[in-house]
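One structure is given here, and the rest of the page talks about it.
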Amino acid sequence: MNENASLILRFEEERPRLRAVAYRMLGSLSEADDAVQEAWIRLNRSDTSDVENLGAWLTTVISQLCLNMLRSRDNRREDPLDSYVPDPARAQKDVTDPEEEALLADAVGVAMLVVLDTLAPPERLAFVLHDMFQVPFDEIGPMLERTPAAVRQLASRARRRVKGNATPAPAPDLGRQHKVVEAFLAATRGGDLDALVALLHPGVVLHADKMVVPTPEPIFVSGARTVAQGAMAATGRARFTGLALLDGAVGLVMAPQGRPRLVLAFTITDDDRIAEIEVIAEPVRLGGLEVAVLDGAA
């Protein structure tokens with residue numbers, strides 16, 4: 001096996017982990033693939049003959065790339081590479097598959113991606129590498145030019161944000177909410193109108209602000225079948241929707257690429273049926289909600 005073929009093989013062995021790190025850092029599959037592409041270019045250009053742990057070396061490279069992308073996300077400009085080294089696998093698939101991105105968002109957790117997007121870049125790096133990939137603090141420190149103790153504090157702050165500060169509902173009620181909202185999402189994703197109607201109180205009402213569709217005025221709909229039929233029309237949105245704690249109660253957040261576009265808040269009766277749904281898409285109202293990760297939610 002020649003040297004280049006061996007390098008490609010070693011990189012392909014690391015690719016799944018690099019992509020997983022980049023996706024959690026960036027919240028976008030296309031950006032994650034761009035970061036992996038750049039990691040391959042840097043590996044191809046570098047002398048790694050003295051590198052004992054190529055996986056750790058590549059983790060450092062992908063982390064620095066993602067950190068730079070996060071820091072420049074608001075005013076990113078495209079700089080052409082002076083030369084292009086083909087990524088051995090990326091060339092086979094240049095277009096991001098929306099279905100694959102939806103599956104990845106589900107696997108990581110939509111709420112997790114939303115919360116990660118609120119973290120400062122160093123907090124996000126510390127939390128993702130340590131809490132999600134078990135990278136020791138003393139290995140993360142040099143990436144951020146901070147001491148291991150300082151990195152530990154960054155991860156701790158991020159962890160508190162992930163768990164949320166809002167007072168949650170009492171545990172039994174939270175469990176009931178979880179079960180009902182999860183069933184609502186499953187029925188919506190599956191296009192199961194009858195299952196959805198069964199979850200709704202006959203007199204259920206739905207309020208949606210004017211940014212949801214958008215419409216000139218807020219929307220008001222009532223009746224189980226009418227509300228269920230409206231939910232069926234939003235099946236496409238459900239692909240990027242997941243369970244989350246919204247101000248301490250279980251709800252749904254729709255967030256392609258980890259950025260909230262709308263949320264659904266629910267009022268649930270004592271017999272576990274949905275009596276009211278509030279759909280919020282107005283940016284100011286979205287910004288005022290505390291979103292946190294619900295244990296057991298994906």
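Labels used: A, B, ... for chains in the order of the structure tokens, numbers from 1 for residues in each chain, and numbers from 1 for ligands as shown.
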Identify, on the basis of only C-alpha atoms, every residue whose closest approach to range 123-134 of chain A does not exceed 7 Å; exclude the query and any residue fewer than 5 positions from it along the same chain; express the result as an MDAnalysis selection string.
chainID A and resid 24:25 116 140 151 154:155 158
Near-Glu100 in chain A list (12 Å; only C-alpha atoms; drop same-chain fewer than 6 positions) as a VMD selection string:
chain A and resid 28 to 30 106 to 107 239 to 240
Taking the DSSP secondary structure from the backbone, can you list the residues of range 236-266 of chain A that are strand (DSSP E), as a ChimeraX atom specification?
/A:241-246,249-254,262-266
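Using only C-alpha atoms, the shortest contact distance between Arg45 in chain A and any of A:Gly27, A:Asp138, A:Asn4, A:Val114 is found at A:Asn4.
Considering the residues A:Arg273, A:Arg71, A:Arg285, A:Arg160 and counting only C-alpha atoms, Pro122 in chain A has its shortest atom-to-atom contact with A:Arg71.
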From A:Arg19, A:Arg161, A:Arg237, A:Arg10, residue lying nearest Asp34 in chain A [only C-alpha atoms]
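Answer, going by the shortest atom-to-atom distance: A:Arg19.
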Hey, can you check how far CA of Pro283 in chain A sits from CA of Val227 in chain A?
23.7 Å
If we count only C-alpha atoms and set the cut-off at 9 Å, which residues sit around Val36 in chain A, ignoring sequence neighbours fewer than 3 positions away in its own chain? Please answer as a list in words.
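Returned residues: Arg15, Leu18, Arg19, Ala22, Glu31, Ala32, Asp33, Ala39, Trp40, Ile41, Ile62, Leu65, Asp87 and Arg90 of chain A.
Ranking A:Leu286, A:Val135, A:Leu196, A:Ala169 by their shortest atom-to-atom distance to Arg152 in chain A, with only C-alpha atoms included, puts A:Val135 first.
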